[in-house]
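One file, coords_28.cif, is given below (mmCIF, C-alpha atoms).
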```
data_entry
#
loop_
_atom_site.label_atom_id
_atom_site.label_comp_id
_atom_site.auth_asym_id
_atom_site.auth_seq_id
_atom_site.Cartn_x
_atom_site.Cartn_y
_atom_site.Cartn_z
CA HIS A 17 -13.79 -34.07 -5.92
CA LEU A 18 -15.69 -30.79 -5.77
CA CYS A 19 -12.70 -28.87 -7.07
CA LYS A 20 -11.94 -31.39 -9.82
CA GLY A 21 -15.56 -31.25 -10.94
CA LEU A 22 -15.40 -27.49 -11.07
CA ALA A 23 -12.13 -27.56 -13.03
CA ALA A 24 -13.67 -29.88 -15.62
CA GLU A 25 -17.05 -28.23 -16.12
CA GLY A 26 -16.77 -24.67 -14.78
CA ILE A 27 -19.82 -23.12 -13.14
CA ARG A 28 -22.10 -25.94 -14.36
CA GLY A 29 -19.92 -28.34 -12.41
CA VAL A 30 -21.01 -26.69 -9.17
CA ARG A 31 -24.53 -28.21 -9.38
CA ARG A 32 -23.22 -31.70 -10.16
CA CYS A 33 -20.62 -31.48 -7.38
CA ARG A 34 -23.33 -30.24 -5.02
CA SER A 35 -25.42 -33.38 -5.58
CA THR A 36 -22.36 -35.58 -5.09
CA TYR A 37 -21.50 -33.82 -1.86
CA ILE A 38 -25.02 -34.15 -0.42
CA ARG A 39 -25.25 -37.84 -1.31
CA ALA A 40 -21.91 -38.35 0.42
CA GLY A 41 -23.40 -37.02 3.66
CA GLY A 42 -22.58 -33.29 3.49
CA GLY A 43 -25.12 -30.90 5.05
CA ARG A 44 -27.20 -28.65 2.81
CA ARG A 45 -26.27 -25.53 4.80
CA ARG A 46 -22.56 -26.18 4.44
CA MET A 47 -23.15 -27.02 0.79
CA ARG A 48 -24.65 -23.60 0.17
CA LEU A 49 -21.43 -22.00 1.46
CA VAL A 50 -19.28 -24.34 -0.63
CA GLY A 51 -21.43 -23.60 -3.68
CA VAL A 52 -20.97 -19.85 -3.24
CA VAL A 53 -17.19 -20.24 -2.92
CA LEU A 54 -16.99 -22.49 -5.96
CA TRP A 55 -19.21 -20.21 -8.03
CA PHE A 56 -17.00 -17.25 -7.14
CA ALA A 57 -13.87 -19.22 -8.03
CA ALA A 58 -15.29 -20.19 -11.40
CA ALA A 59 -16.52 -16.69 -12.13
CA ARG A 60 -13.09 -15.23 -11.33
CA GLY A 61 -11.30 -17.65 -13.66
CA PHE A 62 -9.72 -20.00 -11.10
CA HIS A 63 -9.05 -23.61 -11.98
CA VAL A 64 -7.64 -26.60 -10.19
CA PRO A 65 -4.88 -28.53 -11.96
CA ARG A 66 -4.22 -32.20 -11.20
CA SER A 67 -1.91 -31.21 -8.39
CA GLY A 68 -4.99 -30.04 -6.50
CA HIS A 69 -3.76 -26.48 -5.93
CA LEU A 70 -6.05 -23.61 -6.80
CA SER A 71 -4.66 -21.26 -9.43
CA ARG A 72 -5.99 -18.58 -11.72
CA THR A 73 -6.12 -18.56 -15.49
CA THR A 74 -5.09 -15.46 -17.40
CA SER A 75 -5.88 -14.96 -21.04
CA SER A 76 -3.32 -13.69 -23.51
CA ARG A 77 -5.47 -10.59 -23.94
CA GLN A 78 -5.37 -9.87 -20.22
CA ARG A 79 -1.60 -10.36 -20.12
CA SER A 80 -1.12 -7.93 -22.99
CA ARG A 81 -2.89 -5.23 -20.97
CA SER A 82 -0.61 -5.52 -17.96
CA PRO A 83 0.89 -2.12 -17.14
CA PRO A 84 4.65 -1.64 -17.25
CA LEU A 85 4.73 -0.61 -13.58
CA LYS A 86 3.25 -3.08 -11.13
CA MET A 87 4.34 -4.95 -8.06
CA ALA A 88 5.68 -7.73 -10.27
CA ALA A 89 8.63 -5.38 -10.74
CA PHE A 90 10.20 -7.13 -7.75
CA SER A 91 11.77 -9.56 -10.21
CA ASN A 92 14.49 -6.91 -10.70
CA MET A 93 14.75 -5.78 -7.09
CA ASN A 94 18.44 -6.70 -6.91
CA SER A 95 19.33 -3.95 -9.39
CA LYS A 96 19.83 -0.38 -8.19
CA SER A 97 18.47 0.88 -11.50
CA SER A 98 15.28 -1.17 -11.30
CA THR A 99 11.77 0.20 -10.77
CA VAL A 100 9.99 -1.03 -7.66
CA VAL A 101 6.38 -0.30 -6.78
CA VAL A 102 6.24 -0.72 -3.01
CA PRO A 103 3.30 -2.90 -1.85
CA ARG A 104 0.38 -1.15 -0.20
CA ASP A 105 -0.16 -1.38 3.57
CA TYR A 106 -3.75 -1.13 4.84
CA ARG A 107 -2.91 -1.41 8.55
CA LEU A 108 -3.01 2.32 9.24
CA SER A 109 -6.37 2.86 7.53
CA LEU A 110 -7.89 -0.14 9.32
CA LEU A 111 -6.50 0.96 12.68
CA VAL A 112 -7.79 4.53 12.38
CA THR A 113 -11.18 3.37 11.11
CA ALA A 114 -11.48 0.90 14.01
CA ILE A 115 -10.64 3.64 16.53
CA GLY A 116 -13.23 5.90 14.92
CA ALA A 117 -15.85 3.15 15.03
CA GLY A 118 -15.12 2.65 18.72
CA LEU A 119 -15.46 6.36 19.43
CA ASP A 120 -18.76 6.36 17.54
CA THR A 121 -20.22 4.24 20.35
CA VAL A 122 -19.17 6.64 23.13
CA PRO A 123 -21.70 9.31 24.17
CA TYR A 124 -20.74 12.84 23.07
CA ALA A 125 -17.68 11.51 21.22
CA GLN A 126 -20.02 9.94 18.66
CA LEU A 127 -21.16 13.42 17.69
CA THR A 128 -17.73 15.09 17.62
CA ILE A 129 -14.38 13.34 17.36
CA GLY A 130 -15.77 9.89 16.47
CA PRO A 131 -17.09 10.77 12.99
CA LEU A 132 -13.94 12.81 12.28
CA VAL A 133 -11.58 9.93 13.09
CA THR A 134 -13.75 7.53 11.09
CA LEU A 135 -13.64 9.91 8.12
CA ILE A 136 -9.84 10.11 8.34
CA GLY A 137 -9.64 6.31 8.38
CA ILE A 138 -11.82 6.10 5.26
CA LEU A 139 -9.66 8.75 3.59
CA PHE A 140 -6.51 6.74 4.37
CA PHE A 141 -8.18 3.64 2.91
CA VAL A 142 -9.06 5.44 -0.33
CA GLN A 143 -5.55 6.92 -0.60
CA THR A 144 -4.00 3.49 -0.03
CA ILE A 145 -5.96 2.20 -3.01
CA LYS A 146 -5.20 5.24 -5.16
CA LEU A 147 -1.54 6.08 -4.45
CA ARG A 148 1.61 4.14 -5.28
CA PHE A 149 5.07 4.69 -3.80
CA VAL A 150 7.66 4.05 -6.47
CA VAL A 151 11.44 3.79 -6.31
CA GLU A 152 12.85 4.16 -9.81
CA GLY A 153 16.62 4.21 -10.17
CA ASN A 154 17.87 7.07 -8.00
CA THR A 155 14.40 8.63 -7.62
CA PHE A 156 11.61 8.22 -5.10
CA LYS A 157 8.20 9.38 -6.25
CA ILE A 158 4.56 9.23 -5.26
CA GLN A 159 2.23 8.37 -8.12
CA GLN A 160 -1.44 7.56 -8.49
CA VAL A 161 -3.43 5.02 -10.46
CA ALA A 162 -5.09 6.52 -13.53
CA THR A 163 -8.89 6.44 -13.38
CA GLY A 164 -10.34 3.31 -14.98
CA THR A 165 -6.93 1.70 -15.56
CA THR A 166 -4.07 0.11 -13.67
CA GLU A 167 -1.45 2.42 -15.16
CA LEU A 168 0.43 4.94 -13.04
CA MET A 169 0.49 8.69 -13.55
CA SER A 170 1.72 11.81 -11.74
CA SER A 171 0.08 12.58 -8.42
CA GLY A 172 0.27 16.32 -9.13
CA GLU A 173 2.11 19.00 -7.21
CA ASN A 174 3.03 18.80 -3.55
CA VAL A 175 0.25 20.53 -1.62
CA ILE A 176 2.61 21.92 1.04
CA ILE A 177 5.61 23.33 -0.81
CA GLY A 178 4.69 22.85 -4.48
CA GLY A 179 6.71 21.03 -7.11
CA LYS A 180 6.53 17.40 -8.19
CA ASN A 181 6.19 14.60 -5.67
CA GLN A 182 9.53 13.07 -6.62
CA TRP A 183 12.95 13.42 -5.06
CA ARG A 184 16.48 12.22 -5.78
CA LEU A 185 17.70 9.65 -3.25
CA ASP A 186 21.22 11.06 -3.30
CA LYS A 187 19.75 14.30 -1.88
CA PHE A 188 18.35 12.54 1.20
CA VAL A 189 19.97 13.41 4.53
CA ASN A 190 17.70 11.27 6.73
CA TYR A 191 14.60 9.07 6.75
CA ASP A 192 12.67 7.31 9.52
CA THR A 193 9.21 6.40 10.79
CA PHE A 194 7.00 7.98 13.45
CA PRO A 195 6.67 6.81 16.12
CA GLU A 196 10.26 5.64 15.93
CA GLY A 197 10.55 1.87 16.13
CA TRP A 198 6.95 1.12 15.15
CA ILE A 199 8.15 -0.24 11.83
CA ASP A 200 8.75 -3.56 13.61
CA GLN A 201 5.44 -3.54 15.52
CA PRO A 202 2.30 -5.44 14.42
CA GLN A 203 0.31 -2.24 13.91
CA GLY A 204 3.03 -0.64 11.79
CA PRO A 205 4.13 3.03 11.79
CA VAL A 206 1.81 6.02 11.53
CA LEU A 207 4.03 8.33 9.47
CA ILE A 208 6.99 7.94 7.14
CA TYR A 209 9.49 10.78 7.28
CA PHE A 210 12.39 11.88 5.13
CA LYS A 211 14.50 15.01 4.78
CA GLU A 212 16.18 16.16 1.57
CA THR A 213 18.19 19.05 0.13
CA GLN A 214 16.77 18.96 -3.40
CA THR A 215 14.04 21.47 -2.53
CA PRO A 216 15.19 25.13 -2.71
CA LYS A 217 16.50 26.43 0.63
CA ASP A 218 13.96 29.25 0.86
CA THR A 219 11.23 26.70 1.64
CA TRP A 220 13.12 24.87 4.37
CA THR A 221 11.60 27.15 7.02
CA SER A 222 8.30 27.92 5.28
CA ASN A 223 6.12 26.44 8.05
CA GLY A 224 6.25 25.57 11.73
CA VAL A 225 7.29 21.95 11.24
CA SER A 226 10.12 22.89 8.87
CA LYS A 227 11.32 25.61 11.23
CA ARG A 228 11.54 23.19 14.16
CA ALA A 229 13.26 20.55 12.02
CA ASN A 230 15.93 23.10 11.01
CA SER A 231 16.16 25.05 14.26
CA PRO A 232 19.57 25.63 15.91
CA GLU A 233 18.53 23.29 18.70
CA ALA A 234 17.69 20.50 16.24
CA ILE A 235 20.98 20.98 14.40
CA LYS A 236 22.82 20.93 17.73
CA ASN A 237 21.20 17.59 18.52
CA GLY A 238 22.50 16.09 15.28
CA ALA A 239 19.81 16.94 12.72
CA LYS A 240 20.80 17.90 9.17
CA LEU A 241 19.52 20.93 7.30
CA GLY A 242 16.94 20.20 4.62
CA GLN A 243 13.27 20.08 3.70
CA PRO A 244 11.32 17.58 5.85
CA HIS A 245 8.44 15.54 4.45
CA PHE A 246 5.83 13.49 6.29
CA PHE A 247 3.19 11.21 4.80
CA PRO A 248 0.92 8.47 6.20
CA ALA A 249 2.40 4.98 6.17
CA LEU A 250 0.24 3.68 3.32
CA CYS A 251 2.95 1.40 1.93
CA ASP A 252 5.23 -1.29 3.32
CA ALA A 253 7.82 0.82 5.15
CA LYS A 254 10.27 -2.07 5.50
CA ILE A 255 10.48 -2.65 1.75
CA LEU A 256 10.60 1.10 1.08
CA PHE A 257 13.49 1.63 3.51
CA SER A 258 15.27 -1.43 2.13
CA GLU A 259 15.21 0.20 -1.31
CA PHE A 260 16.40 3.51 0.16
CA GLU A 261 19.34 1.77 1.81
CA LYS A 262 20.23 -0.29 -1.25
CA ARG A 263 20.30 2.82 -3.45
CA GLY A 264 22.48 4.85 -1.11
CA ALA A 265 20.00 7.20 0.59
CA LYS A 266 21.60 8.66 3.73
CA LYS A 267 20.17 8.02 7.19
CA LEU A 268 21.27 9.38 10.55
CA PRO A 269 22.51 6.72 12.99
#
```

Represent the structure contained in this file as structure tokens.
Amino acid sequence: HLCKGLAAEGIRGVRRCRSTYIRAGGGRRRMRLVGVVLWFAAARGFHVPRSGHLSRTTSSRQRSRSPPLKMAAFSNMNSKSSTVVVPRDYRLSLLVTAIGAGLDTVPYAQLTIGPLVTLIGILFFVQTIKLRFVVEGNTFKIQQVATGTTELMSSGENVIIGGKNQWRLDKFVNYDTFPEGWIDQPQGPVLIYFKETQTPKDTWTSNGVSKRANSPEAIKNGAKLGQPHFFPALCDAKILFSEFEKRGAKKLP
């Protein structure tokens, strides 16, 4: 009855439903909580149809402003030429922030490593909100949300090796998560890794990580030559890897 009253009269219906609820025997304290929830629902444009399920209204003006790239792109996920914006994953940022908060309660650590880990967790949280991992046709790219809008734009040049943050999937020679196997764990992976041959060869050994990834020992153990990339697991790795596989990106057994 509370929800139906709200659907019929909007925010003003909250007061009338409140009186009905109290007369029916509901406690005033619980009613305050219900009133807050109902007010929020009304303010956000939710309504309750006769079926009793809560849904949200969207004006034609709001629909016209929807960006061309959004997670609703999953309607065309079965096509290899479709554009998919991989859903965000906040598990890593929450995990790191929680570890930092725990360290902040330990003597000495609260003045050294604790604040640093907390800061990294907050940075991951902000980046999860800001960045989008997009698979478009045969291309994987990292984009960012334009300030003040929901539209996507370039994330700039790669800070490690330069160039755009986009790579052809047919140039991949491997991809995986670190730690290996954490993709199926509740906490999720820490890093997402891939290796490609699109980047010019002169950068493949430009730093210590690249040198080890292309060392004779690594090649002997089955690794492929190429430019390695690592980034925090800020998106749903399972969906990302599913798109990689569907579009023919190579992966070592």

Would you mind reading off the distance between CA of Thr113 (chain A) and CA of Val225 (chain A), one decimal, in Å?
26.2 Å

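CA of Leu147 (chain A) is found 25.4 Å from CA of Trp220 (chain A).
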
Excluding Arg184 (chain A) and residues on its chain fewer than 3 positions from it, collect all residues at most 6 Å away from it, counting only C-alpha atoms, and give them as a PyMOL selection string.
chain A and resi 154-155+187

Near Phe246 (chain A), within 10 Å and counting all atoms listed in the file, which residues show up once chain neighbours fewer than 4 positions away are dropped, as an MDAnalysis selection string?
chainID A and resid 191:194 206:211 225

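Between Glu261 (chain A) and the residues A:Asp218, A:Glu173, A:Asp186, A:Glu233, the shortest atom-to-atom distance, using all atoms listed in the file, involves A:Asp186.
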
Pull out every residue that the PyMOL selection byres ((chain A and resi 105) around 6) matches in the shown coordinates and put them as a ChimeraX atom specification.
/A:104,106-107,250-252

Given the file shown, determine the residues that the PyMOL selection byres ((chain A and resi 227-230) around 9) selects; report them as JSON, numbers by chain.
{"A": [220, 221, 222, 223, 224, 225, 226, 231, 232, 233, 234, 235, 239, 240, 241, 242, 243, 244]}

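Of the residues under consideration (A:Glu259, A:Glu196, A:Asp120, A:Glu167), A:Glu259 shows the shortest atom-to-atom contact distance to Val102 (chain A) when counting all atoms listed in the file.
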
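Among the candidate residues A:Gln201, A:Thr99, A:Thr213, A:Thr165, the one lying nearest to Leu256 (chain A) is A:Thr99, with distances computed using only C-alpha atoms.
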
Considering all atoms listed in the file, return as a VMD selection string whatever protein or nucleic-acid residues lie within 10 Å of Pro269 (chain A), sequence-local ones (same chain, fewer than 3 positions apart) excluded.
chain A and resid 190 238 266

Any chance you could resolve the PyMOL selection byres ((chain A and resi 160-164) around 12) against this file and give the residues as a PDB file with C-alpha atoms, in the coordinates of the input?
```pdb
ATOM      1  CA  PRO A  83       0.890  -2.120 -17.140  1.00  0.00           C
ATOM      2  CA  LEU A  85       4.730  -0.610 -13.580  1.00  0.00           C
ATOM      3  CA  LYS A  86       3.250  -3.080 -11.130  1.00  0.00           C
ATOM      4  CA  VAL A 101       6.380  -0.300  -6.780  1.00  0.00           C
ATOM      5  CA  VAL A 142      -9.060   5.440  -0.330  1.00  0.00           C
ATOM      6  CA  GLN A 143      -5.550   6.920  -0.600  1.00  0.00           C
ATOM      7  CA  THR A 144      -4.000   3.490  -0.030  1.00  0.00           C
ATOM      8  CA  ILE A 145      -5.960   2.200  -3.010  1.00  0.00           C
ATOM      9  CA  LYS A 146      -5.200   5.240  -5.160  1.00  0.00           C
ATOM     10  CA  LEU A 147      -1.540   6.080  -4.450  1.00  0.00           C
ATOM     11  CA  ARG A 148       1.610   4.140  -5.280  1.00  0.00           C
ATOM     12  CA  PHE A 149       5.070   4.690  -3.800  1.00  0.00           C
ATOM     13  CA  VAL A 150       7.660   4.050  -6.470  1.00  0.00           C
ATOM     14  CA  LYS A 157       8.200   9.380  -6.250  1.00  0.00           C
ATOM     15  CA  ILE A 158       4.560   9.230  -5.260  1.00  0.00           C
ATOM     16  CA  GLN A 159       2.230   8.370  -8.120  1.00  0.00           C
ATOM     17  CA  THR A 165      -6.930   1.700 -15.560  1.00  0.00           C
ATOM     18  CA  THR A 166      -4.070   0.110 -13.670  1.00  0.00           C
ATOM     19  CA  GLU A 167      -1.450   2.420 -15.160  1.00  0.00           C
ATOM     20  CA  LEU A 168       0.430   4.940 -13.040  1.00  0.00           C
ATOM     21  CA  MET A 169       0.490   8.690 -13.550  1.00  0.00           C
ATOM     22  CA  SER A 170       1.720  11.810 -11.740  1.00  0.00           C
ATOM     23  CA  SER A 171       0.080  12.580  -8.420  1.00  0.00           C
ATOM     24  CA  GLY A 172       0.270  16.320  -9.130  1.00  0.00           C
ATOM     25  CA  ASN A 181       6.190  14.600  -5.670  1.00  0.00           C
TER      26      ASN A 181
END
```

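Take CA of Gly130 (chain A) and CA of Ala117 (chain A): the distance between them is 6.9 Å.
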
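Across A:Ile199, A:Ile115, A:Ala265, A:Val151, the tightest approach to Val133 (chain A) is made by A:Ile115 when counting all atoms listed in the file.
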